[in-house]
Each structure stands twice: as C-alpha cells, then as structure tokens.
$ cat structure.txt   # compact mmCIF, C-alpha atoms
# COMPACT_ATOMS: atom_id res chain seq x y z
CA MET A 75 58.09 13.84 43.13
CA SER A 76 61.00 14.95 45.13
CA TYR A 77 62.31 17.84 47.13
CA TYR A 78 63.02 19.83 43.99
CA PRO A 79 60.07 20.94 41.88
CA PRO A 80 59.32 19.30 38.54
CA ALA A 81 61.76 20.17 35.76
CA GLN A 82 64.33 21.06 38.41
CA GLY A 83 65.32 18.38 40.89
CA TYR A 84 68.23 17.55 43.09
CA PRO A 85 70.99 19.99 43.89
CA GLY A 86 74.56 18.83 43.53
CA TYR A 87 75.13 15.68 45.51
CA PRO A 88 77.77 15.46 46.71
CA PRO A 89 77.97 19.27 46.73
CA GLN A 90 81.37 20.79 47.35
CA GLN A 91 80.87 23.22 50.21
CA GLN A 92 82.18 26.51 51.40
CA TYR A 93 82.37 27.08 55.14
CA ALA A 94 82.37 29.93 57.58
CA ALA A 95 85.63 30.92 59.23
CA GLY A 96 86.67 28.42 61.86
CA ALA A 97 85.02 25.40 60.25
CA PRO A 98 87.16 22.28 59.92
CA VAL A 99 88.60 21.33 56.56
CA GLY A 100 89.82 18.34 54.64
CA TYR A 101 87.27 15.76 55.75
CA PRO A 102 86.98 12.91 53.23
CA PRO A 103 83.37 11.69 53.07
CA THR A 104 82.72 7.99 53.25
CA GLN A 105 79.08 7.82 52.20
CA PRO A 106 77.75 8.39 48.67
CA GLY A 107 75.55 11.44 48.42
CA TYR A 108 77.35 13.50 51.08
CA PRO A 109 79.63 16.48 50.45
CA ALA A 110 83.36 16.86 50.55
CA TYR A 111 85.05 19.72 52.32
CA PRO A 112 87.24 22.02 50.27
CA PRO A 113 90.10 23.76 52.02
CA GLN A 114 89.13 26.56 54.36
CA GLY A 115 88.32 29.72 52.48
CA GLY A 116 86.44 28.34 49.50
CA ALA A 117 87.25 26.29 46.43
CA PRO A 118 89.77 23.46 46.18
CA PRO A 119 93.22 24.61 45.13
CA PRO A 120 93.83 24.79 41.36
CA GLY A 121 94.20 21.38 39.81
CA GLN A 122 92.92 19.51 42.87
CA PRO A 123 89.66 17.69 42.23
CA GLY A 124 86.73 17.94 44.62
CA TYR A 125 85.08 14.73 45.73
CA GLY A 126 83.80 12.88 42.69
CA TYR A 127 85.19 15.33 40.14
CA PRO A 128 88.44 15.37 38.15
CA ALA A 129 90.85 18.26 38.21
CA ALA A 130 89.61 21.00 35.92
CA ALA A 131 91.82 22.65 33.36
CA PRO A 132 92.55 26.33 34.01
CA GLY A 133 89.63 28.44 32.79
CA ALA A 134 87.33 25.45 32.31
CA PRO A 135 83.70 25.80 33.42
CA PRO A 136 82.78 24.22 36.74
CA PRO A 137 81.39 20.68 36.81
CA ALA A 138 77.67 20.23 36.92
CA PRO A 139 75.99 19.38 40.23
CA TYR A 140 75.31 15.72 40.85
CA GLY A 141 71.92 15.15 39.27
CA ALA A 142 72.01 18.15 36.91
CA PRO A 143 72.93 18.30 33.23
CA ALA A 144 76.43 19.67 32.71
CA PRO A 145 76.74 23.14 31.17
CA TYR A 146 78.29 23.21 27.72
CA GLY A 147 81.95 22.34 27.96
CA ALA A 148 81.84 21.20 31.59
CA PRO A 149 82.64 17.64 32.64
CA ALA A 150 79.77 15.28 33.33
CA PRO A 151 79.02 14.28 36.94
CA TYR A 152 81.93 12.35 38.40
CA GLY A 153 83.95 13.39 35.34
CA ALA A 154 83.15 10.22 33.45
CA PRO A 155 81.52 9.60 30.06
CA ALA A 156 78.13 7.95 29.97
CA PRO A 157 78.40 4.36 31.26
CA TYR A 158 78.18 1.58 28.72
CA GLY A 159 74.60 1.17 27.65
CA TYR A 160 73.54 4.68 28.79
CA PRO A 161 72.76 7.44 26.30
CA ALA A 162 75.24 10.28 26.15
CA PRO A 163 74.04 13.48 27.90
CA GLY A 164 71.89 15.53 25.53
CA ALA A 165 71.71 12.77 22.90
CA PRO A 166 68.33 12.38 21.17
CA PRO A 167 66.36 9.27 22.10
CA PRO A 168 66.12 6.35 19.69
CA ALA A 169 63.89 7.13 16.72
CA PRO A 170 60.31 5.92 17.26
CA TYR A 171 58.99 3.33 14.85
CA GLY A 172 58.11 5.07 11.58
CA TYR A 173 60.20 8.19 12.27
CA SER A 174 63.59 8.91 10.78
CA ALA A 175 66.44 10.00 13.02
CA PRO A 176 66.97 13.78 13.17
CA ALA A 177 69.90 15.25 11.29
CA ALA A 178 72.97 16.02 13.37
CA GLY A 179 72.56 19.39 15.06
CA ALA A 180 68.92 19.71 14.02
CA HIS A 181 66.66 21.62 16.37
CA PRO A 182 63.60 19.84 17.75
CA PRO A 183 60.40 20.78 15.91
CA PRO A 184 57.59 22.51 17.79
CA PRO A 185 54.44 20.54 18.70
CA GLN A 186 51.76 20.48 16.04
CA HIS A 187 48.58 22.55 16.13
CA ALA A 188 49.72 24.66 19.07
CA PRO A 189 52.29 27.27 20.05
CA THR A 190 55.58 25.88 21.27
CA MET A 191 55.22 24.59 24.84
CA THR A 192 57.90 24.20 27.42
CA HIS A 193 58.85 20.76 28.68
CA ALA A 194 56.21 19.58 31.09
CA PRO A 195 57.22 19.43 34.72
CA THR A 196 58.41 15.83 34.82
CA MET A 197 60.14 14.18 37.69
CA THR A 198 62.89 15.77 39.65
CA HIS A 199 65.65 17.62 37.94
CA ALA A 200 68.23 20.05 39.19
CA PRO A 201 68.57 23.61 37.97
CA THR A 202 71.75 23.95 35.93
CA MET A 203 74.39 26.21 37.43
CA ALA A 204 75.06 29.32 35.41
CA MET A 205 78.33 29.29 33.49
CA GLY A 206 81.16 30.38 35.76
CA GLN A 207 79.03 30.26 38.92
CA PRO A 208 80.88 28.62 41.84
CA ASN A 209 79.61 25.13 42.55
CA TYR A 210 79.44 25.62 46.33
CA TYR A 211 76.48 25.63 48.65
CA GLN A 212 76.12 28.92 50.52
CA PRO A 213 73.96 29.04 53.67
CA ALA A 214 71.31 31.76 53.62
CA ALA A 215 72.64 35.11 54.70
CA GLY A 216 72.04 35.54 58.40
CA GLY A 217 70.85 31.97 58.82
CA PRO A 218 72.48 29.28 60.94
CA THR A 219 75.58 27.64 59.53
CA PRO A 220 75.88 23.86 59.11
CA GLN A 221 78.30 23.89 62.06
CA GLN A 222 75.74 25.60 64.30
CA ASP A 223 73.01 23.17 63.23
CA ALA A 224 75.29 20.19 63.91
CA GLU A 225 75.92 21.54 67.40
CA THR A 226 72.17 22.06 67.94
CA ILE A 227 71.39 18.45 67.05
CA HIS A 228 74.26 17.15 69.17
CA SER A 229 73.14 19.06 72.26
CA ALA A 230 69.51 18.00 71.66
CA CYS A 231 70.52 14.31 71.59
CA ARG A 232 73.13 14.40 74.34
CA GLY A 233 72.46 12.91 77.75
CA PHE A 234 69.23 11.38 78.96
CA GLY A 235 66.32 11.87 76.56
CA THR A 236 66.08 13.87 73.35
CA ASP A 237 64.89 17.43 72.76
CA GLU A 238 62.69 16.56 69.79
CA LYS A 239 61.60 20.13 69.11
CA ARG A 240 65.18 21.29 68.63
CA VAL A 241 65.91 18.38 66.30
CA ILE A 242 62.79 19.15 64.26
CA SER A 243 63.74 22.84 64.06
CA VAL A 244 66.83 21.83 62.10
CA VAL A 245 66.07 18.61 60.24
CA ALA A 246 62.56 19.51 59.03
CA ALA A 247 63.28 23.16 58.31
CA ARG A 248 66.49 23.06 56.26
CA PRO A 249 66.89 22.25 52.54
CA PRO A 250 68.63 19.00 51.57
CA GLU A 251 71.84 20.65 50.38
CA HIS A 252 72.21 22.28 53.81
CA LEU A 253 71.42 19.05 55.67
CA ALA A 254 74.02 17.18 53.62
CA VAL A 255 76.67 19.55 54.95
CA VAL A 256 75.29 19.29 58.49
CA ALA A 257 75.65 15.50 58.33
CA SER A 258 79.29 15.76 57.23
CA VAL A 259 80.10 18.40 59.86
CA TYR A 260 78.44 16.27 62.53
CA LYS A 261 80.52 13.22 61.65
CA GLN A 262 83.74 15.20 61.63
CA PHE A 263 83.03 16.95 64.93
CA TYR A 264 81.53 14.05 66.88
CA GLY A 265 82.72 10.91 65.09
CA ARG A 266 79.22 9.52 64.60
CA ASP A 267 76.95 9.16 61.60
CA LEU A 268 74.03 11.57 61.94
CA VAL A 269 71.56 9.19 60.29
CA GLU A 270 72.47 6.47 62.81
CA VAL A 271 72.22 8.92 65.70
CA LEU A 272 68.72 10.04 64.73
CA ASP A 273 67.61 6.46 64.08
CA LYS A 274 68.76 5.52 67.59
CA GLU A 275 67.25 8.53 69.33
CA THR A 276 63.83 8.44 67.63
CA SER A 277 61.32 5.82 66.54
CA GLY A 278 57.94 5.24 64.94
CA HIS A 279 56.46 7.57 62.34
CA PHE A 280 58.47 10.45 63.78
CA GLY A 281 61.75 8.55 63.46
CA ARG A 282 60.97 7.55 59.89
CA ALA A 283 60.20 11.16 58.95
CA LEU A 284 63.54 12.36 60.33
CA HIS A 285 65.34 9.51 58.55
CA TYR A 286 63.78 10.48 55.21
CA LEU A 287 64.54 14.17 55.76
CA ILE A 288 68.21 13.79 56.65
CA LEU A 289 69.13 11.71 53.59
CA PRO A 290 70.09 13.39 50.29
CA PRO A 291 67.00 13.07 48.07
CA ILE A 292 68.52 10.78 45.44
CA VAL A 293 69.99 8.53 48.15
CA LEU A 294 66.55 8.42 49.79
CA ASP A 295 64.95 7.39 46.50
CA ALA A 296 67.45 4.57 46.06
CA GLU A 297 66.74 3.38 49.61
CA LEU A 298 62.97 3.58 49.11
CA ILE A 299 63.13 1.48 45.95
CA TYR A 300 65.40 -1.08 47.60
CA GLN A 301 63.11 -1.41 50.60
CA ALA A 302 60.06 -1.63 48.32
CA CYS A 303 61.53 -4.65 46.54
CA ILE A 304 63.53 -6.51 49.17
CA GLY A 305 61.88 -8.77 51.70
CA ALA A 306 58.36 -10.13 51.91
CA GLY A 307 55.96 -8.42 49.52
CA THR A 308 56.40 -5.43 47.23
CA ASN A 309 55.43 -1.82 47.83
CA GLU A 310 54.10 -1.11 44.35
CA ARG A 311 52.82 2.35 45.21
CA CYS A 312 56.29 3.39 46.35
CA LEU A 313 57.79 2.13 43.08
CA ILE A 314 55.25 4.14 41.10
CA GLN A 315 55.89 7.35 43.03
CA THR A 316 59.67 7.07 42.75
CA LEU A 317 60.09 5.73 39.20
CA VAL A 318 57.22 6.88 37.00
CA GLY A 319 57.73 10.19 35.21
CA ARG A 320 61.35 10.98 36.09
CA THR A 321 63.53 12.87 33.61
CA ASN A 322 66.17 10.98 31.66
CA ALA A 323 69.14 12.58 33.38
CA ASP A 324 67.59 12.08 36.80
CA MET A 325 66.93 8.41 36.07
CA ALA A 326 70.54 7.92 34.98
CA GLN A 327 71.73 9.38 38.29
CA LEU A 328 69.29 7.22 40.26
CA LYS A 329 70.56 4.07 38.51
CA TYR A 330 74.14 5.07 39.26
CA VAL A 331 73.47 5.74 42.95
CA PHE A 332 71.43 2.54 43.33
CA GLN A 333 74.19 0.44 41.76
CA SER A 334 76.85 2.14 43.92
CA LYS A 335 74.88 1.78 47.14
CA TYR A 336 73.55 -1.77 46.77
CA ASN A 337 75.89 -3.31 44.18
CA ARG A 338 72.99 -4.45 42.07
CA SER A 339 71.12 -3.18 39.03
CA LEU A 340 68.04 -1.04 39.60
CA GLU A 341 66.30 -2.62 36.62
CA GLU A 342 66.98 -6.21 37.68
CA THR A 343 65.93 -5.43 41.26
CA VAL A 344 62.59 -4.05 40.11
CA LYS A 345 62.00 -6.79 37.51
CA SER A 346 62.48 -9.47 40.15
CA ASP A 347 59.51 -8.14 42.13
CA VAL A 348 56.88 -7.13 39.55
CA SER A 349 55.40 -8.73 36.44
CA GLY A 350 53.14 -8.28 33.45
CA TYR A 351 52.42 -4.91 31.92
CA PHE A 352 53.26 -3.20 35.20
CA GLU A 353 56.78 -4.59 34.90
CA LYS A 354 56.96 -3.49 31.26
CA LEU A 355 55.95 0.07 32.19
CA LEU A 356 58.54 0.35 34.97
CA VAL A 357 61.30 -1.13 32.80
CA VAL A 358 60.57 1.41 30.05
CA CYS A 359 60.67 4.22 32.62
CA ILE A 360 64.00 2.98 33.99
CA GLN A 361 65.59 3.15 30.53
CA GLY A 362 65.41 6.95 30.70
CA THR A 363 65.12 7.48 26.94
CA ARG A 364 61.89 9.50 26.66
CA ASP A 365 62.01 12.18 23.97
CA GLU A 366 61.65 15.01 26.48
CA ILE A 367 61.86 18.05 24.22
CA GLY A 368 60.55 16.80 20.87
CA HIS A 369 63.43 15.72 18.65
CA TYR A 370 60.84 14.23 16.31
CA GLN A 371 57.78 15.75 14.63
CA TYR A 372 55.00 13.83 16.36
CA ASN A 373 51.45 14.05 15.07
CA VAL A 374 48.84 14.88 17.70
CA GLU A 375 45.95 13.57 15.62
CA ALA A 376 47.76 10.32 14.83
CA ASP A 377 48.58 9.63 18.48
CA THR A 378 45.04 10.51 19.55
CA GLN A 379 43.61 8.01 17.09
CA ALA A 380 46.21 5.38 17.96
CA LEU A 381 45.24 5.58 21.63
CA TYR A 382 41.53 5.41 20.77
CA LYS A 383 42.04 2.36 18.54
CA ALA A 384 44.16 0.73 21.26
CA GLY A 385 41.41 1.12 23.85
CA GLU A 386 37.86 2.31 23.43
CA GLY A 387 37.87 1.72 19.67
CA LYS A 388 38.36 -2.05 19.85
CA MET A 389 37.45 -5.15 21.76
CA GLY A 390 40.04 -5.56 24.49
CA THR A 391 43.01 -3.27 25.04
CA ASP A 392 46.37 -2.92 23.32
CA GLU A 393 48.32 -2.27 26.52
CA SER A 394 51.68 -2.02 24.74
CA GLN A 395 50.47 0.86 22.56
CA PHE A 396 49.36 2.84 25.61
CA ILE A 397 52.69 2.25 27.35
CA HIS A 398 54.71 3.09 24.25
CA ILE A 399 53.04 6.43 23.58
CA LEU A 400 52.73 7.57 27.20
CA THR A 401 56.34 6.78 28.12
CA ASN A 402 58.14 7.95 24.97
CA ARG A 403 56.43 11.15 23.81
CA PRO A 404 57.28 14.64 25.18
CA ASP A 405 54.99 15.81 27.96
CA ALA A 406 53.99 18.94 26.05
CA HIS A 407 52.90 16.80 23.11
CA LEU A 408 50.96 14.44 25.39
CA ARG A 409 49.03 17.30 26.97
CA LEU A 410 47.86 18.23 23.48
CA VAL A 411 46.93 14.60 22.82
CA PHE A 412 44.90 14.43 26.05
CA LYS A 413 43.10 17.65 25.15
CA GLN A 414 42.39 16.40 21.62
CA TYR A 415 41.14 13.05 22.94
CA GLU A 416 38.68 14.70 25.30
CA SER A 417 37.50 17.02 22.54
CA ARG A 418 36.99 14.16 20.07
CA HIS A 419 35.64 11.45 22.35
CA GLY A 420 34.14 13.39 25.26
CA LYS A 421 36.14 11.73 28.03
CA LYS A 422 39.12 12.73 30.13
CA PHE A 423 42.07 10.55 29.26
CA SER A 424 42.63 9.48 32.87
CA LYS A 425 39.08 8.08 32.84
CA VAL A 426 39.93 6.12 29.71
CA VAL A 427 42.88 4.54 31.51
CA VAL A 428 40.66 3.59 34.46
CA LYS A 429 38.18 1.95 32.08
CA GLU A 430 40.75 0.02 30.05
CA PHE A 431 43.16 -1.12 32.78
CA SER A 432 43.08 -2.62 36.25
CA GLY A 433 45.48 -3.38 39.06
CA TRP A 434 48.85 -1.71 39.50
CA ILE A 435 49.28 -0.94 35.79
CA GLU A 436 46.10 1.16 36.04
CA THR A 437 47.42 2.96 39.14
CA ALA A 438 50.76 3.64 37.46
CA LEU A 439 49.30 4.94 34.19
CA VAL A 440 46.78 7.16 35.98
CA TYR A 441 49.64 8.56 38.07
CA LEU A 442 51.69 9.23 34.92
CA VAL A 443 48.80 10.93 33.09
CA GLU A 444 47.94 13.11 36.09
CA TRP A 445 51.60 14.01 36.61
CA ILE A 446 51.92 15.14 32.99
CA GLU A 447 48.72 17.20 33.26
CA ASN A 448 49.39 18.87 36.63
CA PRO A 449 52.19 17.65 38.92
CA ALA A 450 51.02 19.58 41.98
CA MET A 451 47.48 18.21 41.68
CA CYS A 452 48.87 14.72 41.16
CA ILE A 453 50.77 14.90 44.46
CA ALA A 454 47.78 16.47 46.24
CA LYS A 455 45.58 13.56 45.13
CA ASN A 456 48.15 11.01 46.28
CA MET A 457 48.39 12.71 49.69
CA GLU A 458 44.63 12.44 50.05
CA LYS A 459 44.76 8.76 49.10
CA ALA A 460 47.32 8.22 51.86
CA MET A 461 44.93 9.74 54.43
CA GLU A 462 41.48 8.64 53.25
CA GLY A 463 39.49 5.80 54.72
CA ALA A 464 40.09 3.95 57.96
CA GLY A 465 43.64 4.57 59.11
CA THR A 466 46.43 6.51 57.46
CA ASP A 467 49.21 5.20 55.26
CA ASP A 468 51.84 7.11 57.22
CA ALA A 469 54.76 5.75 55.22
CA SER A 470 53.21 7.01 51.99
CA LEU A 471 52.22 10.37 53.51
CA THR A 472 55.71 10.92 54.90
CA ARG A 473 57.31 9.95 51.62
CA LEU A 474 55.13 12.37 49.65
CA VAL A 475 55.74 15.27 52.03
CA VAL A 476 59.51 14.80 52.26
CA ARG A 477 60.09 14.25 48.54
CA ASN A 478 58.01 17.26 47.49
CA ARG A 479 58.83 19.78 50.20
CA THR A 480 60.53 22.49 48.17
CA PRO A 481 58.67 25.65 49.26
CA ALA A 482 57.55 26.79 45.80
CA PHE A 483 56.25 23.38 44.74
CA MET A 484 54.68 22.68 48.14
CA ALA A 485 52.79 25.97 47.88
CA GLN A 486 51.30 24.72 44.59
CA ILE A 487 50.41 21.38 46.16
CA LYS A 488 48.63 23.07 49.07
CA ALA A 489 46.72 25.38 46.72
CA ASN A 490 45.62 22.46 44.52
CA TYR A 491 44.66 20.40 47.57
CA THR A 492 42.47 23.17 48.94
CA ALA A 493 40.87 23.79 45.54
CA LYS A 494 39.93 20.12 45.11
CA TYR A 495 39.02 19.06 48.66
CA LYS A 496 37.78 22.38 50.11
CA LYS A 497 40.04 21.92 53.11
CA SER A 498 43.62 22.94 53.80
CA LEU A 499 46.35 20.31 53.66
CA ARG A 500 47.48 21.47 57.09
CA ASP A 501 44.07 20.75 58.65
CA ARG A 502 43.88 17.39 56.91
CA ILE A 503 47.29 16.35 58.23
CA LYS A 504 46.38 17.64 61.68
CA GLY A 505 43.38 15.33 61.80
CA GLU A 506 45.48 12.27 60.85
CA THR A 507 48.68 12.75 62.88
CA SER A 508 49.83 13.77 66.34
CA GLY A 509 52.78 14.71 68.51
CA ASP A 510 56.30 15.15 67.14
CA TYR A 511 55.33 13.37 63.93
CA ARG A 512 52.67 16.01 63.22
CA ARG A 513 55.07 18.79 64.19
CA THR A 514 57.66 17.42 61.74
CA LEU A 515 55.22 17.28 58.82
CA PHE A 516 53.92 20.77 59.59
CA THR A 517 57.46 22.15 59.53
CA ALA A 518 58.27 20.31 56.30
CA ILE A 519 55.24 21.77 54.47
CA GLY A 520 55.94 25.24 55.84
CA GLU A 521 52.97 25.52 58.18
CA PRO A 522 52.94 26.91 61.73
CA GLU A 523 52.22 24.68 64.68
CA ARG A 524 49.38 26.82 66.00
CA GLY A 525 46.32 25.25 67.54
$ encode --input "structure.txt" --output "structure tokens"
Amino acid sequence: MSYYPPAQGYPGYPPQQQYAAGAPVGYPPTQPGYPAYPPQGGAPPPGQPGYGYPAAAPGAPPPAPYGAPAPYGAPAPYGAPAPYGYPAPGAPPPAPYGYSAPAAGAHPPPPQHAPTMTHAPTMTHAPTMAMGQPNYYQPAAGGPTPQQDAETIHSACRGFGTDEKRVISVVAARPPEHLAVVASVYKQFYGRDLVEVLDKETSGHFGRALHYLILPPIVLDAELIYQACIGAGTNERCLIQTLVGRTNADMAQLKYVFQSKYNRSLEETVKSDVSGYFEKLLVVCIQGTRDEIGHYQYNVEADTQALYKAGEGKMGTDESQFIHILTNRPDAHLRLVFKQYESRHGKKFSKVVVKEFSGWIETALVYLVEWIENPAMCIAKNMEKAMEGAGTDDASLTRLVVRNRTPAFMAQIKANYTAKYKKSLRDRIKGETSGDYRRTLFTAIGEPERG
C-alpha cells in the first residue's frame, strides 16, 4: 500500500542525512517529513540531537527511523513516550472478549492446526535498523548525489519551459529517502520549496504524479486522506487504500503526522465524512490495536464458525462480528480461517463478503481480505479497476503506482497482474496513458520507455 513493501514500510522520515564533501550543512528543515542536515562529515556531534530526536547518551543505540519500531533500548520516534491514548510500542492489544490477558513477558502462541506462520504482509512498515547501524541515508555507490539531482531539477525548470524528461529522470527514478534529501538540498541552494516549484512547472495527470512522488510517503498519505475528506464529496476508495490494513505502528505515525500537518484528529476527520458500518470499520482500523503477532491463542475452528453464523448461516448479516474478527485477528490466523472456511463451506471468503455486504463496506472488506491473502494481487486488482471500463481513474492509478513502487514489491505486482490478466502491466498502462504522464508511470514501475 505504499512505497515500502508489506511488513516493511517507510524509511526514517525525517531521516538524518550524510552528505558528500562540499555539501552545505546546518540547514534547519521547516516542513514535517523532510530531513535535517547533520554537520559536514557525518553524524551530529555527541550530545547534539538530530531533527526530531533527543540527545542520545554515550553508547546508546541510535533512534529508530520515523515510522519504524525502535530497537530494544533505543528512544521512540521523536524521543517521546506514546501519546496519551496510544498503546505503548510493543504492548499487546486489548484482550478480545472471552480471552484472558497474556502474562507479562509471555511469548505469543503459534496459530492452531498449522506450523507457525510469519506475520502477513500488512500495510506499510519500515525495516528496523540493525543495532549500532548509523541512522543516515547513503546514496547508492556511484549514483548521483542529492546535490546533483537538485541541480538537475533546477536546470530543467530554469528559464522558459521545462525539460520534463530530466525532471522525470530524477523524481520518478529515485527512492523516497533520496528525494527527501533532494528537496531539502534544493530549498537550501535555491531558496524555493521543490514541491511548489514542480506544482508550478507542471500540471494535469503528469503534475499530480510528480507531486505524489516528491512527497515523503507518510506525508503523502496524510495529504491524500485530508483531500479525500475535505470539500464536496468523499473519496471513499482513497480512504480504503490508505487506511485499511496498515500495521499498528504505521497507523500511529500516520495519526501523528496528520495531526501535526492539519491540526486536527485523523479519526474525527474521517468520521465526519463517512457513516454506518463503513465508518465503524475505518474507525477500528485507525485505532491501530490489531493483534498482529498472536498474543492470544485464537481458535481457527471457532472463528470459522463464528463468521459462518454471522453471515451465510443466518437470516441477515451480523456486520459487527465480521468487522471485529477481520480487524483484530493476526493475518496469519485469518489466512487459516479463510482456508478452513473454503474447505468447510465450499466458497472463497471474499465471495462470502460480496454476498453478505454491499456499498463501500463491501469494497473495504473485500480489499482487506484480498490484502491479507496476497498483497501484490490485491494491488494488481485495484490497478485494473482503475483502468477498466470507459475512461481511466488516473488519480487512483497514480496513487497505486506511487505508493507501491518499491522495486521488489512492484515486481510481485507486475507478476501477479500478468498471471491474472494475461497482459503485462506496462502494456495496460501504455494503452490508458500518454506523454510525460505515461513516461512517469513507466519509470516509477521500473519499465523502459521503448515503443
């Protein structure tokens, strides 16, 4: 659901950076989500905090990246304890009804009736830095530095007209952590905000794609949700794709960034624009308290029967039971439940959801079930939905490409797309787009511009 593959996620935002010789130093960032510059030559001096982090004691482990769980003994992001009302990092979720709380220090039990499974690829989550590893972004060896890329964009936008190909070669081809540094370098060198520059120099679908690409992923998600809720109408599909299925830690970071950027609660913003069981589902997701690794000994057979009795096994549908189980159980456990349900009742669980629900709650639950089963296939299906029929939902297509463009995960998406639709994602996009917009999407998904 975002640039970083499921079960990984955002890199450190704001990442403290290390620069090549000759790069400027000491720039204080003014926008959330962008990096600070340490002094020339590497890390901040001992005892001096980087942007957003407190001074570390001598010998203490480095702070975790923004959006990643802190390594044992390291300070939490921004050096603060969990905000009031938020669960502490690593704390088990509230005990489900009928289950006793686990003993302090108890290890989560394995899923029943199956070998232990790893946490399903849920929404975006950052890889945790190894203990003692410097928390600085390093450009690829031999690749362009952020300073060089900032100069490329500046020269491409200077004077009359814009060299779109040169802009695309940087903005659509670099990872978010690199682009975050480019944006800060650009502002220090040229005194202008790079996002504003690109918004002024470009327009249409192409301009929107560059805007999405240049923002740090978690800042982009906050902006997407805000735009989906504010103004006339609601973009429910955008809310589903940015809120449903995220990890607990990632959701906590999203709520923090949203509150900081817009001075309003993410939950209250969403609640003001949706209603009914769709609202209930999104509110539960926003809490970020799913039992992700199995602190409790859930029973696969019991949950299978509970879902059957809540849907096909009765007149009407117990919507609350579906929402409760699907949003609170570990993904590995739910995959076993889906498999057991199909074995017992002869129907894929996503088909059960389609039969029992309608409207946006149906769309959201189908998305969640498909994400739990196979994230890459889930995104491939949503890309096809954005392109099928008369006309293309370019906003949705751009959002899906930009938020899922990590090379490894995009390779899985392309493979799943080809397997299901018997046509390459590149060829499908080619038939629905044109010009610089097409060139930008091709670059983002790692495809050549040939033909």
$ residues_around --input "structure.txt" --residues "segment 426-429 of chain A" --least-positions-apart "4" --cutoff "9 Å" --atoms "only C-alpha atoms" --output "list in words"
Gly385, Glu386, Phe396, Lys421, Lys422, Glu436, Thr437, Leu439, Val440 and Val443 of chain A
$ residues_around --input "structure.txt" --residues "segment 267-278 of chain A" --least-positions-apart "2" --cutoff "9 Å" --atoms "all atoms listed in the file" --output "PyMOL selection string"
chain A and resi 224+227+231+235-236+238+241+256-258+260-261+264-265+280-285+288-289+511
$ write_last_selection --input "structure.txt" --atoms "C-alpha atoms" --output "mmCIF file, in the coordinates of the input"
data_model
loop_
_atom_site.group_PDB
_atom_site.id
_atom_site.type_symbol
_atom_site.label_atom_id
_atom_site.label_comp_id
_atom_site.auth_asym_id
_atom_site.auth_seq_id
_atom_site.Cartn_x
_atom_site.Cartn_y
_atom_site.Cartn_z
ATOM 1 C CA ALA A 224 75.290 20.190 63.910
ATOM 2 C CA ILE A 227 71.390 18.450 67.050
ATOM 3 C CA CYS A 231 70.520 14.310 71.590
ATOM 4 C CA GLY A 235 66.320 11.870 76.560
ATOM 5 C CA THR A 236 66.080 13.870 73.350
ATOM 6 C CA GLU A 238 62.690 16.560 69.790
ATOM 7 C CA VAL A 241 65.910 18.380 66.300
ATOM 8 C CA VAL A 256 75.290 19.290 58.490
ATOM 9 C CA ALA A 257 75.650 15.500 58.330
ATOM 10 C CA SER A 258 79.290 15.760 57.230
ATOM 11 C CA TYR A 260 78.440 16.270 62.530
ATOM 12 C CA LYS A 261 80.520 13.220 61.650
ATOM 13 C CA TYR A 264 81.530 14.050 66.880
ATOM 14 C CA GLY A 265 82.720 10.910 65.090
ATOM 15 C CA PHE A 280 58.470 10.450 63.780
ATOM 16 C CA GLY A 281 61.750 8.550 63.460
ATOM 17 C CA ARG A 282 60.970 7.550 59.890
ATOM 18 C CA ALA A 283 60.200 11.160 58.950
ATOM 19 C CA LEU A 284 63.540 12.360 60.330
ATOM 20 C CA HIS A 285 65.340 9.510 58.550
ATOM 21 C CA ILE A 288 68.210 13.790 56.650
ATOM 22 C CA LEU A 289 69.130 11.710 53.590
ATOM 23 C CA TYR A 511 55.330 13.370 63.930
#
$ atom_distance --input "structure.txt" --atom1 "atom CA of Arg513 of chain A" --atom2 "atom CA of Tyr491 of chain A"
19.7 Å
$ residues_around --input "structure.txt" --residues "segment 444-458 of chain A" --least-positions-apart "4" --cutoff "9 Å" --atoms "only C-alpha atoms" --output "ChimeraX atom specification"
/A:75,80,194-197,319,405-406,408-409,412,424,439-440,462,470-471,474-475,478,483-492,494-495,499,502
$ atom_distance --input "structure.txt" --atom1 "atom CA of Cys312 of chain A" --atom2 "atom CA of Thr391 of chain A"
26.0 Å
